[in-house]
Structure formats: structure tokens, C-alpha cells
file my_file.cif (mmCIF, C-alpha atoms)
data_my_file
#
loop_
_atom_site.label_atom_id
_atom_site.label_comp_id
_atom_site.auth_asym_id
_atom_site.auth_seq_id
_atom_site.Cartn_x
_atom_site.Cartn_y
_atom_site.Cartn_z
CA MET R 1 186.77 148.57 43.98
CA SER R 2 185.32 145.15 43.39
CA PRO R 3 187.79 142.30 43.54
CA ASN R 4 185.82 140.66 40.75
CA HIS R 5 187.05 143.14 38.17
CA ASP R 6 189.36 141.67 35.61
CA SER R 7 191.99 144.17 36.58
CA PHE R 8 192.08 142.87 40.15
CA ASP R 9 195.31 141.16 40.95
CA ASN R 10 194.26 137.68 42.11
CA THR R 11 197.74 136.96 43.38
CA ARG R 12 196.79 139.28 46.23
CA PHE R 13 194.81 136.40 47.69
CA GLN R 14 197.95 134.33 48.01
CA ASP R 15 199.66 136.92 50.19
CA SER R 16 200.35 134.80 53.27
CA ARG R 17 200.15 137.87 55.48
CA LEU R 18 196.46 138.25 54.60
CA HIS R 19 195.75 134.74 55.80
CA ALA R 20 197.90 135.06 58.90
CA TYR R 21 196.23 138.39 59.68
CA LEU R 22 192.77 136.86 59.43
CA ASP R 23 193.88 133.91 61.52
CA GLY R 24 195.30 136.21 64.19
CA GLU R 25 198.74 134.69 63.67
CA LEU R 26 200.78 137.82 62.95
CA SER R 27 203.05 139.13 65.67
CA ALA R 28 202.21 142.55 67.11
CA ASP R 29 204.87 144.26 64.98
CA GLU R 30 203.84 142.42 61.85
CA ARG R 31 200.21 143.31 62.47
CA VAL R 32 200.94 147.01 62.86
CA ALA R 33 203.03 147.05 59.69
CA PHE R 34 200.40 145.13 57.78
CA GLU R 35 197.58 147.39 58.92
CA ARG R 36 199.60 150.38 57.79
CA GLU R 37 199.91 148.77 54.38
CA LEU R 38 196.20 147.98 54.38
CA GLU R 39 195.34 151.63 54.89
CA GLN R 40 197.22 152.53 51.75
CA SER R 41 196.04 149.76 49.44
CA ASP R 42 192.50 149.47 48.11
CA GLU R 43 193.34 146.14 46.52
CA LEU R 44 194.69 144.67 49.71
CA ARG R 45 191.60 145.82 51.62
CA ALA R 46 189.33 144.36 48.96
CA ALA R 47 191.17 141.05 49.07
CA LEU R 48 190.96 141.01 52.85
CA ALA R 49 187.21 141.65 52.69
CA VAL R 50 186.71 138.76 50.29
CA LEU R 51 188.73 136.35 52.40
CA ARG R 52 186.87 137.49 55.50
CA GLY R 53 183.66 136.76 53.61
CA VAL R 54 184.95 133.26 52.87
CA ASP R 55 185.65 132.71 56.57
CA ASP R 56 182.22 134.02 57.53
CA ALA R 57 180.61 131.78 54.93
CA ILE R 58 182.40 128.69 56.18
CA GLY R 59 181.59 129.61 59.75
CA SER R 60 177.90 129.92 58.88
CA LEU R 61 177.55 126.20 58.19
CA PRO R 62 175.37 124.48 60.77
CA ALA R 63 176.57 122.62 63.82
CA THR R 64 174.99 119.56 65.33
CA GLU R 65 174.33 118.16 68.79
CA PRO R 66 175.04 114.63 69.98
CA SER R 67 171.85 112.63 70.28
CA GLU R 68 170.41 111.99 73.72
CA GLY R 69 172.20 109.28 75.62
CA PHE R 70 175.39 109.53 73.57
CA ALA R 71 177.68 109.74 76.63
CA ARG R 72 175.88 106.82 78.26
CA ARG R 73 176.29 104.67 75.14
CA VAL R 74 179.98 105.48 74.88
CA THR R 75 180.75 104.71 78.51
CA GLY R 76 178.64 101.55 78.26
CA ALA R 77 180.62 100.42 75.21
CA ALA R 78 183.89 101.14 76.98
CA LYS R 79 182.89 99.07 79.99
CA ALA R 80 181.65 96.25 77.78
CA ARG R 81 185.09 95.96 76.24
CA LYS R 82 186.86 95.79 79.54
CA PRO R 83 186.99 92.01 80.23
CA MET R 84 188.48 91.31 76.81
CA ALA R 85 190.88 94.22 77.16
CA VAL R 86 192.12 92.90 80.49
CA LEU R 87 192.57 89.45 79.00
CA LEU R 88 194.42 90.83 76.01
CA ARG R 89 196.81 92.62 78.32
CA PHE R 90 197.89 89.33 79.85
CA VAL R 91 198.35 87.50 76.55
CA PRO R 92 201.26 89.62 75.28
CA LEU R 93 202.79 89.65 78.75
CA ALA R 94 202.89 85.86 78.86
CA ALA R 95 203.99 85.60 75.26
CA ALA R 96 206.75 88.16 75.75
CA ALA R 97 208.09 86.27 78.73
CA ALA R 98 208.07 83.02 76.76
CA LEU R 99 209.77 84.58 73.76
CA MET R 100 212.53 86.18 75.78
CA PHE R 101 213.17 82.94 77.57
CA ALA R 102 213.41 81.11 74.24
CA VAL R 103 215.46 83.66 72.32
CA TYR R 104 217.98 84.80 74.91
CA PRO R 105 220.37 81.78 74.84
CA PHE R 106 220.69 81.84 71.04
CA HIS R 107 220.82 85.48 70.11
CA GLY R 108 222.96 87.13 72.71
CA GLU R 109 221.74 90.20 74.55
CA PRO R 110 217.97 90.73 74.43
CA THR R 111 216.41 94.15 74.01
CA PRO R 112 216.91 96.05 77.29
CA ARG R 113 213.85 95.67 79.45
CA PRO R 114 212.27 98.56 81.27
CA ASP R 115 211.50 98.42 84.93
CA SER R 116 208.63 100.72 85.75
CA ALA R 117 205.02 99.76 85.01
CA PRO R 118 204.28 102.45 82.37
CA GLU R 119 207.51 101.64 80.58
CA ILE R 120 206.66 97.95 80.54
CA SER R 121 203.29 98.76 79.03
CA GLU R 122 204.92 100.84 76.29
CA TYR R 123 207.53 98.18 75.75
CA LEU R 124 204.92 95.51 75.22
CA ASP R 125 202.95 97.78 72.92
CA TYR R 126 206.08 98.14 70.86
CA VAL R 127 207.02 94.47 70.80
CA TRP R 128 203.59 93.04 70.27
CA GLU R 129 201.76 95.84 68.54
CA ASP R 130 198.70 96.74 70.51
CA ASP R 131 195.38 95.69 69.01
CA ASP R 132 194.10 99.21 68.59
CA ASP R 133 195.00 101.58 65.81
CA VAL R 134 195.06 104.80 67.75
CA TYR R 135 198.23 105.99 66.13
CA ASP R 136 197.81 104.50 62.67
CA GLY R 137 198.52 107.02 59.98
CA LEU R 138 199.25 109.79 62.43
CA SER R 139 202.51 110.68 60.83
CA PRO R 140 201.83 111.69 57.27
CA SER R 141 205.08 112.69 55.66
CA GLU R 142 205.64 116.09 54.24
CA ALA R 143 205.68 114.33 50.88
CA ASP R 144 202.05 113.33 51.45
CA VAL R 145 201.17 116.90 52.15
CA LEU R 146 202.97 118.20 49.12
CA GLU R 147 201.25 115.55 47.03
CA ALA R 148 197.90 116.64 48.40
CA LEU R 149 198.73 120.25 47.67
CA ASP R 150 199.82 119.42 44.16
CA ALA R 151 196.51 117.71 43.58
CA THR R 152 194.65 120.96 44.16
CA MET Z 1 183.66 116.76 88.80
CA THR Z 2 183.53 119.98 86.89
CA GLU Z 3 186.28 121.48 89.01
CA PHE Z 4 188.81 118.98 87.68
CA SER Z 5 190.90 119.67 84.61
CA ASP Z 6 191.01 117.29 81.69
CA VAL Z 7 194.45 116.17 82.78
CA ASP Z 8 193.17 115.45 86.30
CA LEU Z 9 190.40 113.34 84.80
CA MET Z 10 192.77 111.41 82.55
CA LEU Z 11 195.01 110.67 85.51
CA ALA Z 12 191.97 109.55 87.49
CA LEU Z 13 190.94 107.31 84.60
CA GLN Z 14 194.40 105.83 84.51
CA GLY Z 15 193.90 105.08 88.19
CA GLY Z 16 190.69 103.19 87.39
CA ASP Z 17 188.09 105.90 88.00
CA GLU Z 18 185.44 105.15 85.36
CA ALA Z 19 183.40 108.20 86.32
CA ALA Z 20 186.30 110.33 85.10
CA PHE Z 21 185.84 108.88 81.62
CA THR Z 22 182.13 109.68 81.67
CA GLU Z 23 182.97 113.27 82.58
CA LEU Z 24 185.54 113.53 79.77
CA VAL Z 25 183.03 112.20 77.24
CA THR Z 26 180.38 114.61 78.47
CA ARG Z 27 182.78 117.53 78.23
CA HIS Z 28 184.08 116.83 74.76
CA MET Z 29 181.31 114.94 72.98
CA ARG Z 30 179.87 118.00 71.27
CA THR Z 31 183.28 119.00 69.92
CA ILE Z 32 184.13 115.55 68.63
CA VAL Z 33 180.68 114.81 67.21
CA ASN Z 34 180.78 118.12 65.36
CA LEU Z 35 184.24 117.42 64.01
CA THR Z 36 183.24 114.01 62.68
CA TYR Z 37 179.92 115.39 61.46
CA ARG Z 38 181.56 118.18 59.51
CA TYR Z 39 184.04 115.77 58.07
CA LEU Z 40 181.72 112.89 57.20
CA GLY Z 41 178.57 114.89 56.52
CA ASN Z 42 176.18 112.43 58.08
CA ALA Z 43 175.14 112.70 61.69
CA ALA Z 44 174.55 108.98 62.26
CA ASP Z 45 177.97 108.06 60.87
CA ALA Z 46 179.46 110.97 62.78
CA GLU Z 47 178.17 109.65 66.10
CA ASP Z 48 179.47 106.17 65.36
CA LEU Z 49 182.89 107.55 64.56
CA ALA Z 50 182.85 109.89 67.55
CA GLN Z 51 182.06 106.91 69.76
CA ASP Z 52 185.03 105.13 68.19
CA VAL Z 53 187.23 108.11 69.01
CA PHE Z 54 186.25 108.03 72.68
CA LEU Z 55 186.77 104.28 72.83
CA LYS Z 56 190.27 104.79 71.45
CA VAL Z 57 190.85 107.37 74.17
CA TYR Z 58 189.70 104.82 76.72
CA ARG Z 59 191.88 102.09 75.32
CA ALA Z 60 194.91 104.34 75.02
CA ARG Z 61 194.45 105.89 78.46
CA ASP Z 62 197.63 104.39 79.85
CA ARG Z 63 199.65 105.98 77.08
CA TYR Z 64 198.43 109.47 77.83
CA ARG Z 65 201.08 111.69 79.39
CA PRO Z 66 200.04 114.80 81.33
CA GLU Z 67 202.59 116.89 79.44
CA ALA Z 68 200.34 116.62 76.38
CA LYS Z 69 197.35 118.91 76.19
CA PHE Z 70 194.33 116.62 76.38
CA THR Z 71 192.36 118.34 73.62
CA THR Z 72 195.30 118.18 71.22
CA TRP Z 73 195.68 114.49 71.98
CA VAL Z 74 191.96 113.85 71.37
CA TYR Z 75 192.02 115.90 68.19
CA ARG Z 76 194.90 113.80 66.91
CA ILE Z 77 192.97 110.62 67.57
CA ALA Z 78 189.86 112.11 65.95
CA VAL Z 79 191.73 113.38 62.91
CA ASN Z 80 193.29 109.98 62.44
CA ALA Z 81 189.91 108.28 62.77
CA CYS Z 82 188.32 110.62 60.22
CA LEU Z 83 191.09 110.22 57.66
CA ASN Z 84 191.06 106.45 58.09
CA GLU Z 85 187.29 106.31 57.78
CA VAL Z 86 187.28 108.24 54.52
CA ARG Z 87 190.19 106.16 53.21
CA ASN Z 88 188.36 102.96 54.08
CA ARG Z 89 185.17 104.18 52.46
CA LYS Z 90 186.98 104.96 49.25
CA ASN Z 91 188.34 101.43 49.19
CA ARG Z 92 184.87 99.94 49.41
CA PRO Z 93 183.36 99.07 46.03
CA THR Z 94 180.05 100.67 46.94
CA PHE Z 95 181.59 103.91 48.11
CA ARG Z 96 179.63 106.96 47.18
CA ALA Z 97 180.80 110.34 48.35
CA ALA Z 98 178.48 111.46 51.12
CA PRO Z 99 176.94 114.91 51.01
CA LEU Z 100 179.49 116.24 53.44
CA LEU Z 101 178.77 118.80 56.10
CA GLY Z 102 175.16 117.81 56.28
CA GLY Z 103 173.43 117.64 52.94
CA ALA Z 104 169.72 117.75 52.33
CA ASP Z 105 169.39 113.96 52.38
CA ASP Z 106 171.17 113.68 55.65
CA ASN Z 107 169.20 111.20 57.72
CA ALA Z 108 170.26 112.69 60.99
CA PRO Z 109 169.20 111.44 64.39
CA ALA Z 110 171.14 114.20 66.06
CA ALA Z 111 169.61 117.62 66.33
CA LEU Z 112 170.90 120.28 64.02
CA VAL Z 113 171.48 123.47 65.88
CA ALA Z 114 168.88 126.04 64.96
CA ASP Z 115 170.11 128.63 62.49
CA ASP Z 116 169.58 131.99 64.12
CA SER Z 117 171.01 134.00 61.25
CA ALA Z 118 168.37 133.36 58.63
CA GLY Z 119 166.09 136.32 59.38
CA THR Z 120 163.23 136.75 56.91
CA PRO Z 121 162.37 134.05 54.34
CA VAL Z 122 164.15 136.08 51.63
CA GLU Z 123 167.24 136.44 53.76
CA GLY Z 124 167.02 132.77 54.67
CA ALA Z 125 166.91 131.76 51.02
CA ALA Z 126 169.97 133.86 50.24
CA ASN Z 127 171.78 132.33 53.17
CA ASN Z 128 170.77 128.84 52.16
CA GLU Z 129 171.96 129.33 48.61
CA LEU Z 130 175.29 130.60 49.80
CA ARG Z 131 175.60 127.80 52.35
CA GLU Z 132 175.03 125.20 49.68
CA GLN Z 133 177.83 126.71 47.63
CA VAL Z 134 180.15 126.88 50.61
CA ARG Z 135 179.27 123.36 51.64
CA ALA Z 136 180.01 122.07 48.16
CA ALA Z 137 183.27 123.99 47.99
CA VAL Z 138 184.46 122.64 51.34
CA ASP Z 139 183.38 119.12 50.43
CA GLU Z 140 185.50 119.22 47.31
CA LEU Z 141 188.69 120.13 49.14
CA PRO Z 142 191.44 117.50 49.39
CA GLU Z 143 191.13 115.61 52.67
CA ARG Z 144 193.86 117.33 54.65
CA GLN Z 145 192.88 120.79 53.47
CA ARG Z 146 189.32 120.03 54.50
CA MET Z 147 190.40 118.80 57.90
CA ALA Z 148 192.65 121.82 58.40
CA ILE Z 149 189.93 124.31 57.55
CA ILE Z 150 187.33 122.52 59.68
CA LEU Z 151 189.66 122.49 62.69
CA ASN Z 152 190.63 126.11 62.14
CA LYS Z 153 187.29 127.69 61.32
CA PHE Z 154 184.93 125.60 63.43
CA HIS Z 155 187.11 124.48 66.27
CA GLY Z 156 189.35 127.52 66.55
CA LEU Z 157 192.67 125.69 66.43
CA GLY Z 158 195.62 127.99 65.78
CA TYR Z 159 198.58 127.10 63.61
CA GLU Z 160 200.56 125.48 66.43
CA GLU Z 161 197.63 123.39 67.63
CA LEU Z 162 196.78 122.41 64.07
CA ALA Z 163 200.36 121.34 63.49
CA ALA Z 164 200.18 119.13 66.57
CA ALA Z 165 196.78 117.69 65.66
CA LEU Z 166 197.73 116.99 62.04
CA ASP Z 167 201.34 116.06 62.81
CA LEU Z 168 202.64 118.63 60.37
CA THR Z 169 204.98 121.57 60.54
CA VAL Z 170 203.52 125.01 61.13
CA GLN Z 171 204.69 125.95 57.66
CA ALA Z 172 202.78 123.04 56.14
CA VAL Z 173 199.68 124.06 58.10
CA LYS Z 174 199.92 127.62 56.78
CA SER Z 175 200.21 126.28 53.28
CA LEU Z 176 197.25 123.92 53.72
CA LEU Z 177 195.03 126.66 55.13
CA THR Z 178 195.99 129.17 52.47
CA ARG Z 179 195.25 126.67 49.73
CA ALA Z 180 192.00 125.61 51.36
CA ARG Z 181 190.76 129.16 51.75
CA GLU Z 182 191.81 129.99 48.21
CA ASN Z 183 190.03 126.95 46.80
CA VAL Z 184 186.84 127.83 48.63
CA ARG Z 185 187.14 131.46 47.55
CA THR Z 186 187.38 130.63 43.86
CA LYS Z 187 184.20 128.57 44.15
CA ILE Z 188 182.10 131.04 46.10
CA GLN Z 189 183.48 134.38 44.98
CA PRO Z 190 180.49 135.05 42.72
CA TYR Z 191 178.42 135.04 45.89
CA LEU Z 192 180.77 137.42 47.59
CA GLU Z 193 180.92 140.00 44.82
CA THR Z 194 181.00 143.00 47.02
CA GLY Z 195 183.33 141.58 49.58
CA GLU Z 196 180.67 142.01 52.22
CA SER Z 197 180.29 139.54 55.02
CA VAL Z 198 177.84 136.73 54.43
CA ARG Z 199 175.29 138.07 56.83
CA ASP Z 200 175.52 141.53 55.31
CA GLN Z 201 175.10 140.04 51.88
CA ALA Z 202 172.00 138.15 52.95
CA VAL Z 203 170.48 141.15 54.69
CA ALA Z 204 171.37 143.84 52.16
CA PRO Z 205 169.41 143.46 48.89
CA ARG Z 206 171.60 143.31 45.79
CA LYS Z 207 171.69 146.32 43.52
CA GLY Z 208 168.64 146.40 41.23
CA SER Z 209 166.64 144.03 43.33
CA VAL Z 210 165.22 146.54 45.78
CA GLY Z 211 162.30 147.58 43.57
CA ARG Z 212 161.25 144.04 42.85
CA GLU Z 213 161.45 142.89 46.42
CA THR Z 214 159.65 145.85 47.90
CA ALA Z 215 157.03 146.27 45.19
#

call {"tool": "encode", "arguments": {"input": "my_file.cif", "output": "C-alpha cells"}}
result
Amino acid sequence: MSPNHDSFDNTRFQDSRLHAYLDGELSADERVAFERELEQSDELRAALAVLRGVDDAIGSLPATEPSEGFARRVTGAAKARKPMAVLLRFVPLAAAAALMFAVYPFHGEPTPRPDSAPEISEYLDYVWEDDDDVYDGLSPSEADVLEALDAT
Amino acid sequence: MTEFSDVDLMLALQGGDEAAFTELVTRHMRTIVNLTYRYLGNAADAEDLAQDVFLKVYRARDRYRPEAKFTTWVYRIAVNACLNEVRNRKNRPTFRAAPLLGGADDNAPAALVADDSAGTPVEGAANNELREQVRAAVDELPERQRMAIILNKFHGLGYEELAAALDLTVQAVKSLLTRARENVRTKIQPYLETGESVRDQAVAPRKGSVGRETA
């Protein structure tokens, strides 16, 4: 049976078990139960074949290779940044010390200060906002996702 | 250095071992360049962005904690970089959507991996036609769907890993992937009439075409 026929139930494609099965995300019990159902349903098998074809098609798109010398360029760029990065690390440290000294007498207890080196680094990143944007936008809300889904 | 794990190398980098960074870049450059390439569609831009990703890794090295899987951490940085890049491009007045996933006008300095599935010229043409349709369908997906399907289909990330990389719940990831696959399917279904795999479709002549092709 061709899944292109008008009579084919397109809602079959939205069966989340089909997608989870293809993605290898069903538990062992779920997989056995689903395969039993597959054996008895032409429509389900047809839908599975189509979705597998979609996966194969996407997977057939070409890959690329980094150009020669890519790793060397990256490590060179990282090293080139280093003097400025070191300098920038001292600026917030000095500024933080000055600010705490200035604020403490007028505003009661300052924010508790960490003791260990990694904690100090994190603390300063928090207070002074590090110059990089590694984590910018890393926490899209579920609302963003739902909005994106609605736009489809 | 190959005997060291990624975590070992990150800890060495935190301790000031620059060679550890070189090894990490060498290990993961193909993965990250391919991710940015598939997302941006232009190999030159992809390399620039991939370089940016590794520089962010370098700059954030002190924040890395060994409890976090290194690849998940890098994927998160790369995903963020890709989404930001596309957002920034859209805000530029001259923005024009790139032919994503490597279009025909892709001025690529990086080498495309040879396609070993094309077979004969006829089979190659069928494959190329289908690929163009798939490429267009993937390009048209909303950004997060596109990222989810790229990470899942090309990079093999499971639901849990995808959730970590995209900072979503597993349920949201399932929903994104289902929608993405469905959107691609509706665009390319005419090319998948028989439900055969792509390679089978390219190799097996369509009904009624055998006489013409073999005459």
C-alpha cells in the first residue's frame, strides 16, 4: 500500500512511537510491543518506511572537511588573545576589590565572598559579566520552543 | 596525546597545557565544522564560526567542570554560536538567506567529502534531485527544528544529549524532532512515493521508465 494514496491516514506520521522507534529511543518492552503492532498493520509499516526514507534522505546530504591548517589557525588565534585575556582578568579583580571597599561601610553586609580560586573566578564572572558570550541565549524558555513550533 | 580523554585534556588546559587545546581542536574540528557548515550552508562562514566556537572553549576553559561531558559542553557552545549567528544575520539590513547545507553557489574552501553513493550518472542525477529537495526542506525548517534534526541525524545525538545541548526538556526535543521530520516529509514525500530508502529509489528505476532507460 502506498502511503501517498488519499485513503492513507496521515495522522499515522504523528505517532510518536514511530519517531522514537526510528530514533532507537523506545525501551525494550515498548519496542517489542511496537514491533508486534507493526507486523499487523500495513499502514504503520508504510508510514515507518516513509519516515525511514526521510531519515535516509537527510543523512545523504554531503559532509565537509576542515581546510588544511584549521587547527593551527585556531590555536594561533587562541594564543594571540592571551595577553589581553590575562590583562582583562586583572581589571575586574582590581575593580571588584575597589567596589567592595567603597560599598561595604554604607550598605551593610556585602555579598558573601568565596574562598577557593575557581569560586572566585565564577564570582567575578557573575559580578562583572565576563567579556565573552559563551552562555548567551543558552536558556531558551519553553515558551520560545512552543512559539517556534506554532510557527510551523 | 591520543590516550587522554577529553576531560583529561580540558583539565590539562586548565593547568596551562596549550598542547592539550591543540589536541582537543584536532579531535573535534571535523564535528564542529560540519555542524556549523550544515547550519550555515557556507563552508567559509562555517570555518569562521567553528573557530569562534573553539575560541569560546578556550576562553571558558576555567568554567569547565569534569562532571560535564565535554562533547555536550562543546555542542552547547556551538549551538549557541549558530543560533546567535543566524539571529545576527537576520538583523543585518543586507541579510540574504544563504543556501544552507551547501548550495550550488557555495564558495567553499573546505573539501566536500566525496559522495560515494551516486553510482551511475542516472543514479547520480536521481540522488542529486532528491538531495536538492531534502536540502531545501531542511533549510526551511524553523531554526531550532533545524538544529535538532542536524544534531540528531548527522551527529547522532540521542534525546537526552539533545536536551542537554539545546537546553530543553526531553519532551520538547521529541516534539521538535517529530515536527522537523514531519515538515521534511511533507516536502519530499513525492520523491519517496514507494517508501523505499533513498538509495534504493535512486538505484531502482521507477515504474514505466525501464524501457526508456534501457532502450

call {"tool": "closest_residue", "arguments": {"input": "my_file.cif", "among": "Z:Ala78, Z:Val184, Z:Leu192, Z:Ala164", "to": "Ala46 of chain R", "atoms": "all atoms listed in the file"}}
result
Z:Leu192

call {"tool": "resolve_selection", "arguments": {"input": "my_file.cif", "expression": "the PyMOL selection byres ((chain Z and resi 56) around 10)", "output": "list in words"}}
result
Ala78, Asp132, Asp133, Val134 and Tyr135 of chain R; Ala50, Gln51, Asp52, Val53, Phe54, Leu55, Val57, Tyr58, Arg59, Ala60, Arg61, Val74, Ile77, Ala78 and Ala81 of chain Z

call {"tool": "resolve_selection", "arguments": {"input": "my_file.cif", "expression": "the PyMOL selection byres ((chain Z and resi 185-191) around 8)", "output": "PDB file with C-alpha atoms, in the frame of the given file"}}
result
ATOM      1  CA  ASN R   4     185.820 140.660  40.750  1.00  0.00           C
ATOM      2  CA  VAL R  50     186.710 138.760  50.290  1.00  0.00           C
ATOM      3  CA  LEU R  51     188.730 136.350  52.400  1.00  0.00           C
ATOM      4  CA  VAL R  54     184.950 133.260  52.870  1.00  0.00           C
TER       5      VAL R  54
ATOM      6  CA  LEU Z 130     175.290 130.600  49.800  1.00  0.00           C
ATOM      7  CA  GLN Z 133     177.830 126.710  47.630  1.00  0.00           C
ATOM      8  CA  VAL Z 134     180.150 126.880  50.610  1.00  0.00           C
ATOM      9  CA  ALA Z 137     183.270 123.990  47.990  1.00  0.00           C
ATOM     10  CA  ARG Z 181     190.760 129.160  51.750  1.00  0.00           C
ATOM     11  CA  GLU Z 182     191.810 129.990  48.210  1.00  0.00           C
ATOM     12  CA  ASN Z 183     190.030 126.950  46.800  1.00  0.00           C
ATOM     13  CA  VAL Z 184     186.840 127.830  48.630  1.00  0.00           C
ATOM     14  CA  LEU Z 192     180.770 137.420  47.590  1.00  0.00           C
ATOM     15  CA  GLU Z 193     180.920 140.000  44.820  1.00  0.00           C
TER      16      GLU Z 193
END

call {"tool": "closest_residue", "arguments": {"input": "my_file.cif", "among": "Z:Leu151, Z:Val170, Z:Val25, Z:Leu49", "to": "chain R", "atoms": "only C-alpha atoms"}}
result
Z:Val25
